Each structure stands twice: as C-alpha cells, then as structure tokens.
$ cat start-v4.cif   # mmCIF, C-alpha atoms and all ligand atoms
data_start
#
loop_
_atom_site.label_atom_id
_atom_site.label_comp_id
_atom_site.auth_asym_id
_atom_site.auth_seq_id
_atom_site.Cartn_x
_atom_site.Cartn_y
_atom_site.Cartn_z
CA MET A 1 30.43 -5.26 29.61
CA SER A 2 33.23 -7.32 31.20
CA PHE A 3 36.47 -5.86 32.62
CA TYR A 4 38.30 -7.53 29.72
CA GLU A 5 36.08 -5.79 27.12
CA ASP A 6 36.05 -2.41 28.88
CA ARG A 7 39.67 -2.09 29.97
CA VAL A 8 41.96 -4.73 28.44
CA LEU A 9 40.67 -5.10 24.89
CA PRO A 10 40.59 -1.34 24.15
CA ARG A 11 44.35 -1.20 24.86
CA VAL A 12 45.01 -4.08 22.47
CA ILE A 13 42.78 -2.49 19.80
CA ASP A 14 44.41 0.90 20.36
CA LEU A 15 47.82 -0.65 19.64
CA MET A 16 46.69 -2.77 16.70
CA LEU A 17 44.50 -0.18 14.98
CA GLY A 18 46.55 2.86 16.01
CA SER A 19 49.53 2.16 13.75
CA ALA A 20 50.77 4.54 11.03
CA ALA A 21 49.52 2.15 8.33
CA MET A 22 46.02 2.16 9.83
CA GLY A 23 46.27 5.94 10.20
CA LYS A 24 46.74 6.22 6.44
CA LEU A 25 43.58 4.17 5.86
CA ARG A 26 41.69 6.26 8.40
CA ARG A 27 42.75 9.55 6.79
CA ARG A 28 41.52 8.34 3.41
CA ALA A 29 38.26 6.98 4.86
CA LEU A 30 37.45 10.27 6.62
CA GLU A 31 38.06 12.49 3.56
CA GLY A 32 34.95 14.58 2.90
CA LEU A 33 33.51 14.22 6.39
CA SER A 34 31.92 17.50 7.55
CA GLY A 35 29.37 19.18 9.81
CA THR A 36 27.84 17.43 12.81
CA VAL A 37 29.17 13.87 12.78
CA LEU A 38 27.94 10.89 14.76
CA GLU A 39 30.81 8.45 15.41
CA VAL A 40 29.53 4.97 16.21
CA GLY A 41 32.14 2.91 18.06
CA PHE A 42 34.38 5.81 19.14
CA GLY A 43 36.65 3.41 21.06
CA SER A 44 39.90 5.09 22.14
CA GLY A 45 39.45 8.00 19.73
CA THR A 46 41.92 6.78 17.13
CA ASN A 47 40.08 8.75 14.46
CA VAL A 48 40.28 12.05 16.34
CA PRO A 49 43.59 13.25 14.77
CA HIS A 50 42.13 12.52 11.32
CA TYR A 51 38.87 14.49 11.56
CA PRO A 52 38.94 16.95 8.64
CA PRO A 53 38.72 20.68 9.56
CA GLU A 54 35.22 20.80 8.01
CA VAL A 55 33.91 18.69 10.92
CA ASP A 56 32.14 21.05 13.40
CA ARG A 57 31.53 18.57 16.21
CA VAL A 58 31.42 14.85 16.90
CA LEU A 59 28.76 13.00 18.87
CA ALA A 60 30.28 9.76 20.10
CA ILE A 61 28.75 6.40 20.99
CA ASP A 62 30.54 3.39 22.49
CA PRO A 63 29.74 0.97 25.31
CA ALA A 64 33.44 0.70 26.34
CA THR A 65 33.61 3.73 28.62
CA GLY A 66 37.07 2.52 29.76
CA ALA A 67 38.36 3.06 26.21
CA ARG A 68 37.59 6.79 26.46
CA ARG A 69 40.40 7.29 28.95
CA LEU A 70 42.86 6.23 26.26
CA ALA A 71 41.48 9.05 24.10
CA ALA A 72 42.39 11.80 26.59
CA LYS A 73 45.54 13.07 24.81
CA ARG A 74 43.94 12.93 21.38
CA LEU A 75 40.89 14.80 22.66
CA ALA A 76 43.04 17.45 24.37
CA ALA A 77 44.89 18.09 21.09
CA SER A 78 41.74 18.13 18.96
CA LYS A 79 40.13 21.28 17.57
CA VAL A 80 36.90 19.36 17.08
CA PRO A 81 34.67 19.11 20.17
CA VAL A 82 33.59 15.56 21.01
CA GLU A 83 30.51 14.82 23.12
CA PHE A 84 29.74 11.33 24.44
CA ILE A 85 26.04 10.77 23.94
CA GLY A 86 25.40 7.06 24.29
CA LEU A 87 26.49 3.47 24.63
CA ASP A 88 24.80 1.49 21.88
CA GLY A 89 24.74 2.10 18.14
CA ALA A 90 21.54 0.08 17.96
CA SER A 91 19.72 2.64 20.12
CA ILE A 92 20.92 6.15 19.26
CA PRO A 93 19.63 8.92 21.57
CA LEU A 94 19.22 11.49 18.80
CA ASP A 95 16.25 12.93 16.92
CA ASP A 96 15.41 11.81 13.41
CA VAL A 97 17.35 13.59 10.61
CA SER A 98 19.66 15.36 13.07
CA VAL A 99 23.22 14.64 11.89
CA ASP A 100 25.07 15.54 8.70
CA ASN A 101 27.20 12.41 8.52
CA VAL A 102 27.99 9.22 10.42
CA LEU A 103 31.39 7.58 10.85
CA SER A 104 32.10 3.92 11.63
CA THR A 105 35.57 2.39 11.53
CA TRP A 106 36.01 -1.29 12.39
CA THR A 107 32.79 -1.22 14.43
CA LEU A 108 29.98 -2.71 12.30
CA CYS A 109 31.82 -6.03 12.76
CA THR A 110 31.20 -5.86 16.52
CA ILE A 111 27.77 -4.33 17.15
CA PRO A 112 25.57 -7.30 18.15
CA ASP A 113 22.41 -6.08 16.35
CA VAL A 114 24.07 -4.54 13.32
CA ASP A 115 20.80 -4.36 11.35
CA ALA A 116 19.23 -2.26 14.12
CA ALA A 117 22.33 -0.04 14.26
CA LEU A 118 22.26 0.61 10.51
CA SER A 119 18.57 1.36 10.67
CA GLU A 120 19.27 3.83 13.50
CA ILE A 121 22.09 5.39 11.48
CA ARG A 122 19.70 5.88 8.56
CA ARG A 123 17.07 7.37 10.88
CA VAL A 124 19.35 10.06 12.34
CA LEU A 125 21.02 11.01 9.04
CA LYS A 126 19.71 14.06 7.21
CA PRO A 127 18.62 13.40 3.62
CA GLY A 128 21.78 13.50 1.49
CA GLY A 129 23.90 12.71 4.59
CA ARG A 130 26.43 9.92 4.40
CA LEU A 131 27.72 6.97 6.37
CA TYR A 132 31.53 6.90 6.04
CA PHE A 133 32.74 3.38 6.75
CA LEU A 134 35.98 1.43 7.00
CA GLU A 135 35.38 -2.15 8.11
CA HIS A 136 36.83 -5.64 7.86
CA GLY A 137 34.54 -8.43 6.71
CA ILE A 138 33.89 -11.51 4.64
CA SER A 139 36.50 -12.08 1.92
CA ASP A 140 35.76 -12.59 -1.77
CA ASP A 141 38.25 -15.49 -1.70
CA ALA A 142 36.17 -18.63 -0.99
CA LYS A 143 39.05 -20.34 0.82
CA VAL A 144 39.55 -17.38 3.17
CA ALA A 145 35.77 -17.01 3.64
CA ARG A 146 35.51 -20.66 4.75
CA ARG A 147 38.21 -20.02 7.35
CA GLN A 148 36.41 -16.85 8.46
CA HIS A 149 33.18 -18.78 9.06
CA ARG A 150 35.10 -21.49 10.95
CA PHE A 151 36.99 -19.07 13.22
CA ASP A 152 34.12 -16.62 13.75
CA PRO A 153 32.98 -18.08 17.11
CA ILE A 154 36.54 -17.92 18.49
CA GLN A 155 37.01 -14.37 17.22
CA GLN A 156 33.78 -13.31 18.93
CA ARG A 157 35.04 -14.69 22.24
CA ILE A 158 38.50 -13.11 22.15
CA ALA A 159 37.67 -9.85 20.38
CA GLY A 160 34.62 -8.54 22.22
CA GLY A 161 31.97 -9.92 19.87
CA CYS A 162 33.78 -9.05 16.62
CA HIS A 163 32.55 -11.05 13.61
CA LEU A 164 34.92 -12.04 10.82
CA ASN A 165 32.24 -12.82 8.26
CA ARG A 166 29.93 -9.85 7.84
CA ASP A 167 29.24 -8.53 4.34
CA HIS A 168 29.10 -4.80 5.01
CA GLY A 169 28.04 -3.87 1.48
CA GLN A 170 25.01 -6.12 1.77
CA LEU A 171 24.16 -4.98 5.33
CA ILE A 172 24.37 -1.30 4.44
CA ARG A 173 22.19 -1.71 1.34
CA ALA A 174 19.65 -3.77 3.32
CA ALA A 175 19.29 -0.82 5.72
CA GLY A 176 18.11 1.37 2.84
CA LEU A 177 21.32 3.35 2.39
CA GLU A 178 22.64 3.87 -1.12
CA ILE A 179 26.27 2.83 -1.55
CA GLU A 180 28.12 5.55 -3.45
CA GLN A 181 31.64 4.23 -3.13
CA LEU A 182 32.85 0.83 -1.99
CA ALA A 183 36.48 -0.29 -2.21
CA ASN A 184 37.39 -3.83 -1.21
CA PHE A 185 41.04 -4.57 -0.60
CA THR A 186 43.28 -6.79 1.49
CA ILE A 187 45.78 -5.38 3.96
CA ALA A 188 48.94 -7.02 5.32
CA GLY A 189 48.49 -9.45 8.22
CA PRO A 190 46.09 -12.33 8.91
CA LYS A 191 43.78 -12.91 5.95
CA THR A 192 40.79 -13.62 8.20
CA THR A 193 40.77 -10.00 9.43
CA GLY A 194 42.45 -8.39 6.43
CA TYR A 195 39.65 -7.97 3.88
CA MET A 196 38.42 -4.37 3.98
CA TYR A 197 35.23 -2.58 3.03
CA ALA A 198 35.79 1.17 2.72
CA GLY A 199 33.44 3.75 1.30
CA THR A 200 30.39 5.94 1.68
CA ALA A 201 26.66 5.31 1.61
CA ARG A 202 24.05 8.03 1.32
CA ARG A 203 20.60 8.50 2.75
CA ARG A 204 18.40 9.63 -0.13
C1 LIG B 1 37.51 -2.90 16.90
S1 LIG B 1 36.93 -1.61 17.92
C2 LIG B 1 37.12 -0.19 16.87
C3 LIG B 1 37.23 1.09 17.63
C4 LIG B 1 37.39 2.35 16.78
N1 LIG B 1 36.22 2.62 15.97
C5 LIG B 1 38.61 2.29 15.90
O1 LIG B 1 38.50 2.51 14.70
O2 LIG B 1 39.71 2.06 16.44
C6 LIG B 1 35.18 -1.89 17.96
C7 LIG B 1 34.45 -0.86 18.81
O3 LIG B 1 33.03 -1.12 18.74
C8 LIG B 1 32.51 -0.83 20.01
N2 LIG B 1 31.17 -1.42 20.16
C9 LIG B 1 30.82 -2.65 20.58
N3 LIG B 1 29.48 -2.78 20.64
C10 LIG B 1 28.97 -1.59 20.25
C11 LIG B 1 27.65 -1.08 20.14
N4 LIG B 1 26.58 -1.83 20.42
N5 LIG B 1 27.48 0.19 19.73
C12 LIG B 1 28.56 0.98 19.45
N6 LIG B 1 29.83 0.55 19.52
C13 LIG B 1 30.04 -0.69 19.93
C14 LIG B 1 33.56 -1.42 20.95
O4 LIG B 1 33.42 -0.99 22.28
C15 LIG B 1 34.83 -0.94 20.27
O5 LIG B 1 35.22 0.33 20.74
#
$ encode --input "start-v4.cif" --output "structure tokens" --more "lines below"
Ligand SMILES: C[S@@+](CC[C@H](N)C(=O)[O-])C[C@H]1O[C@@H](n2cnc3c(N)ncnc32)[C@H](O)[C@@H]1O
Amino acid sequence: MSFYEDRVLPRVIDLMLGSAAMGKLRRRALEGLSGTVLEVGFGSGTNVPHYPPEVDRVLAIDPATGARRLAAKRLAASKVPVEFIGLDGASIPLDDVSVDNVLSTWTLCTIPDVDAALSEIRRVLKPGGRLYFLEHGISDDAKVARRQHRFDPIQQRIAGGCHLNRDHGQLIRAAGLEIEQLANFTIAGPKTTGYMYAGTARRR
C-alpha cells in the first residue's frame, strides 16, 4: 500500500465520510447490529460512535494501518472493544461460522477481489447472521451510469482503487447471501458517487 493510500487518503475519507449527514446514514445502516461483529474496511473508525449497545465486540479488517491512528479518539470513547485481526477482506483470518454479523460501509467499492471478500464474509457468518451494508455503486439512471463507467479508471487511481460502477445487490446475491432489505437512494453531491445501496443480507 502506498504512502498516499495509507496516510493521505484516509484523512480525506475521514473528512468526507465523517460528516453529520453521513453519520445519520451510518446510524440507520447499523440499526440491529449485535453480538460479535466483523467490520470489513474499518478505515478510521467512523462507525465506532454508531455501534449499537447490543454489539459485544468488533473484529476489524483494513489494509490501511495508517488510518487506524485517526480512530484513536473514537476508540478511546467507545464501550465496544475493537480488535484488529487482518488486512484483507478477501482473506479473513477467522474460522467458519464464527461471527454473528458483518458490517461494511463504503468498502465493497474498493476491495480488489470483491467476489472473494463476499464469499469470505458468507463463510465466517453464522447461519442466520447478516451482512449490514451501506455502499455507493452503479446508478439506475442510464446517463449517470455511463458517466460512472467512463470515470471509473480515474476514480480508481485517485481514490485507492474505489470503483464507481459496482452493483452491490447483484454481487451480494451472487455470493449466496439472501438480500432482506435493500434501499437505493441518491445523496447530495456528485452523482457519480451519490447512488447508495443500503440494507442487510442474510446467510441462510
Ligand atoms: C472509502 S473507505 C471507507 C472506510 C470506512 N468503512 C468508512 O465507512 O468510512 C474504503 C476502505 O476500504 C479499505 N480497503 C481497501 N482494500 C481493502 C481490502 N482488501 N479489505 C478490506 N478493506 C479494504 C480501505 O483501506 C478503506 O479504509
């Protein structure tokens, strides 16, 4: 991981995705989360203040170890213990059926082998356990989608491998998880990054 991706980008992301408006989306996305939770793409810990009290502990994965330093204050104020267990969501160092739920916010866009990561998420989830997700992805507006395809290579270069054009509903279903809730909506700001996929998917 380059210095830019490990140290610079996490600060930019922390500012952009740490706003009050994003906090509102996070709170809603994390409702119902409980037990032992695997957070894939922990980043700078922007979800930490929003973990519901029913969460017992969080196992965190992220390759940007530099981003963790930005999480220090949030971690110090958190009642939920967080343990860093790995670097890559596509290779999760946990036993099969070992976590109650998994959380991913604005991360499935960035993991290079997202199919492998979703398959790993399914593997470690207990039956009945859920993936809670809040992601940006391909728009249902054909004009916006065309622009997303066009700008995707540039986005990947400036945003640490982030893709603009992933269909998270399709990817999650293809991994064998059952989508229970999926809300698509557009937030304020650039349309290429503003189309959201928020919901839960269950391992049967
Ligand atoms: C846009 S940031 C989102 C961070 C955080 N989840 C949030 O909501 O603010 C994308 C995150 O995905 C992480 N990431 C990149 N590749 C990854 C991988 N292979 N496995 C897990 N996380 C990864 C990045 O380091 C970064 O922290």
$ closest_residue --input "start-v4.cif" --among "A:Pro10, A:Pro63, A:Gly41, A:Pro112" --to "Phe133 (chain A)" --atoms "all atoms listed in the file"
A:Gly41
$ closest_residue --input "start-v4.cif" --among "A:Leu108, A:Ala77, A:Ala20, A:Ile85" --to "ligand LIG 1 (chain B)" --atoms "all atoms listed in the file"
A:Leu108
$ residues_near_ligand --input "start-v4.cif" --ligand "ligand LIG 1 (chain B)" --cutoff "7 Å" --atoms "all atoms listed in the file" --output "PyMOL selection string"
chain A and resi 10+13-14+17-18+40-47+61-64+67+87-90+104-107+110-112
$ atom_distance --input "start-v4.cif" --atom1 "CA of Ser139 (chain A)" --atom2 "CA of Cys109 (chain A)"
13.3 Å
$ atom_distance --input "start-v4.cif" --atom1 "CA of Asp100 (chain A)" --atom2 "CA of Asn165 (chain A)"
29.3 Å
$ closest_residue --input "start-v4.cif" --among "A:Ala174, A:Ile154, A:Ile121, A:Ala142" --to "Asp96 (chain A)" --atoms "only C-alpha atoms"
A:Ile121
$ atom_distance --input "start-v4.cif" --atom1 "CA of Lys143 (chain A)" --atom2 "CA of Tyr197 (chain A)"
18.3 Å
$ closest_atom_pairs --input "start-v4.cif" --of "region 62-135 of chain A" --to "region 180-184 of chain A" --cutoff "10 Å" --atoms "all atoms listed in the file" --output "tab-separated table"
residue	atom	partner	partner_atom	distance
A:Arg130	CA	A:Glu180	CA	9.1
A:Leu131	CA	A:Glu180	CA	9.9
A:Tyr132	CA	A:Gln181	CA	9.6
A:Phe133	CA	A:Leu182	CA	9.1
A:Leu134	CA	A:Ala183	CA	9.4
A:Glu135	CA	A:Asn184	CA	9.7
$ residues_around --input "start-v4.cif" --residues "Val58 (chain A)" --least-positions-apart "5" --cutoff "10 Å" --atoms "all atoms listed in the file" --output "list in words"
Ser34, Gly35, Thr36, Val37, Leu38, Glu39, Phe42, Val48, Tyr51, Val80, Pro81, Val82, Glu83, Phe84, Ile85, Val99, Asn101, Val102 and Leu103 of chain A
$ residues_around --input "start-v4.cif" --residues "His50 (chain A)" --least-positions-apart "6" --cutoff "10 Å" --atoms "only C-alpha atoms" --output "ChimeraX atom specification"
/A:23-24,26-31,78
$ residues_around --input "start-v4.cif" --residues "Ala175 (chain A)" --least-positions-apart "6" --cutoff "10 Å" --atoms "only C-alpha atoms" --output "MDAnalysis selection string"
chainID A and resid 114:123 203
$ axis_aligned_box --input "start-v4.cif" --around "region 175-191 of chain A" --padding-each-side "4 Å" --output "lines of an AutoDock Vina configuration file"
center_x = 33.5
center_y = -3.7
center_z = 2.7
size_x = 38.8
size_y = 26.5
size_z = 20.4
$ closest_residue --input "start-v4.cif" --among "A:Ala159, A:Ala201, A:Leu59, A:Lys79" --to "Gly176 (chain A)" --atoms "all atoms listed in the file"
A:Ala201
$ decode --input "start-v4.cif" --residues "region 37-52 of chain A" --atoms "N, CA, C and O atoms" --output "tab-separated table (two decimals), in the first residue's frame"
chain	number	residue	atom	x	y	z
A	37	VAL	N	-19.16	-8.78	15.87
A	37	VAL	CA	-19.30	-8.18	14.54
A	37	VAL	C	-17.93	-8.11	13.87
A	37	VAL	O	-16.96	-7.66	14.48
A	38	LEU	N	-17.88	-8.56	12.63
A	38	LEU	CA	-16.68	-8.35	11.81
A	38	LEU	C	-16.90	-7.08	10.99
A	38	LEU	O	-17.89	-6.99	10.25
A	39	GLU	N	-16.02	-6.09	11.15
A	39	GLU	CA	-16.12	-4.89	10.29
A	39	GLU	C	-15.04	-4.96	9.22
A	39	GLU	O	-13.83	-4.90	9.51
A	40	VAL	N	-15.48	-5.06	7.98
A	40	VAL	CA	-14.56	-5.13	6.84
A	40	VAL	C	-14.37	-3.70	6.32
A	40	VAL	O	-15.35	-3.03	5.98
A	41	GLY	N	-13.12	-3.24	6.28
A	41	GLY	CA	-12.86	-1.86	5.85
A	41	GLY	C	-13.10	-0.89	6.99
A	41	GLY	O	-13.80	0.10	6.85
A	42	PHE	N	-12.46	-1.15	8.13
A	42	PHE	CA	-12.66	-0.34	9.35
A	42	PHE	C	-12.24	1.11	9.13
A	42	PHE	O	-12.81	2.04	9.72
A	43	GLY	N	-11.24	1.33	8.29
A	43	GLY	CA	-10.77	2.69	7.98
A	43	GLY	C	-10.36	3.45	9.22
A	43	GLY	O	-9.59	2.95	10.05
A	44	SER	N	-10.89	4.66	9.39
A	44	SER	CA	-10.54	5.50	10.54
A	44	SER	C	-11.58	5.37	11.66
A	44	SER	O	-11.66	6.24	12.53
A	45	GLY	N	-12.36	4.31	11.62
A	45	GLY	CA	-13.29	4.03	12.73
A	45	GLY	C	-14.50	4.95	12.78
A	45	GLY	O	-15.07	5.18	13.85
A	46	THR	N	-14.91	5.44	11.63
A	46	THR	CA	-16.03	6.40	11.61
A	46	THR	C	-17.35	5.78	12.07
A	46	THR	O	-18.26	6.50	12.46
A	47	ASN	N	-17.41	4.44	12.05
A	47	ASN	CA	-18.64	3.80	12.52
A	47	ASN	C	-18.66	3.60	14.04
A	47	ASN	O	-19.73	3.33	14.60
A	48	VAL	N	-17.50	3.73	14.67
A	48	VAL	CA	-17.40	3.37	16.09
A	48	VAL	C	-18.46	4.06	16.96
A	48	VAL	O	-19.12	3.40	17.77
A	49	PRO	N	-18.67	5.40	16.81
A	49	PRO	CA	-19.67	6.03	17.69
A	49	PRO	C	-21.10	5.55	17.42
A	49	PRO	O	-21.99	5.84	18.22
A	50	HIS	N	-21.29	4.82	16.33
A	50	HIS	CA	-22.65	4.41	15.95
A	50	HIS	C	-22.93	2.94	16.24
A	50	HIS	O	-24.02	2.45	15.94
A	51	TYR	N	-21.93	2.21	16.79
A	51	TYR	CA	-22.20	0.80	17.13
A	51	TYR	C	-23.34	0.77	18.16
A	51	TYR	O	-23.24	1.41	19.22
A	52	PRO	N	-24.39	0.00	17.90
A	52	PRO	CA	-25.46	-0.11	18.90
A	52	PRO	C	-24.95	-0.82	20.17
A	52	PRO	O	-23.99	-1.59	20.11
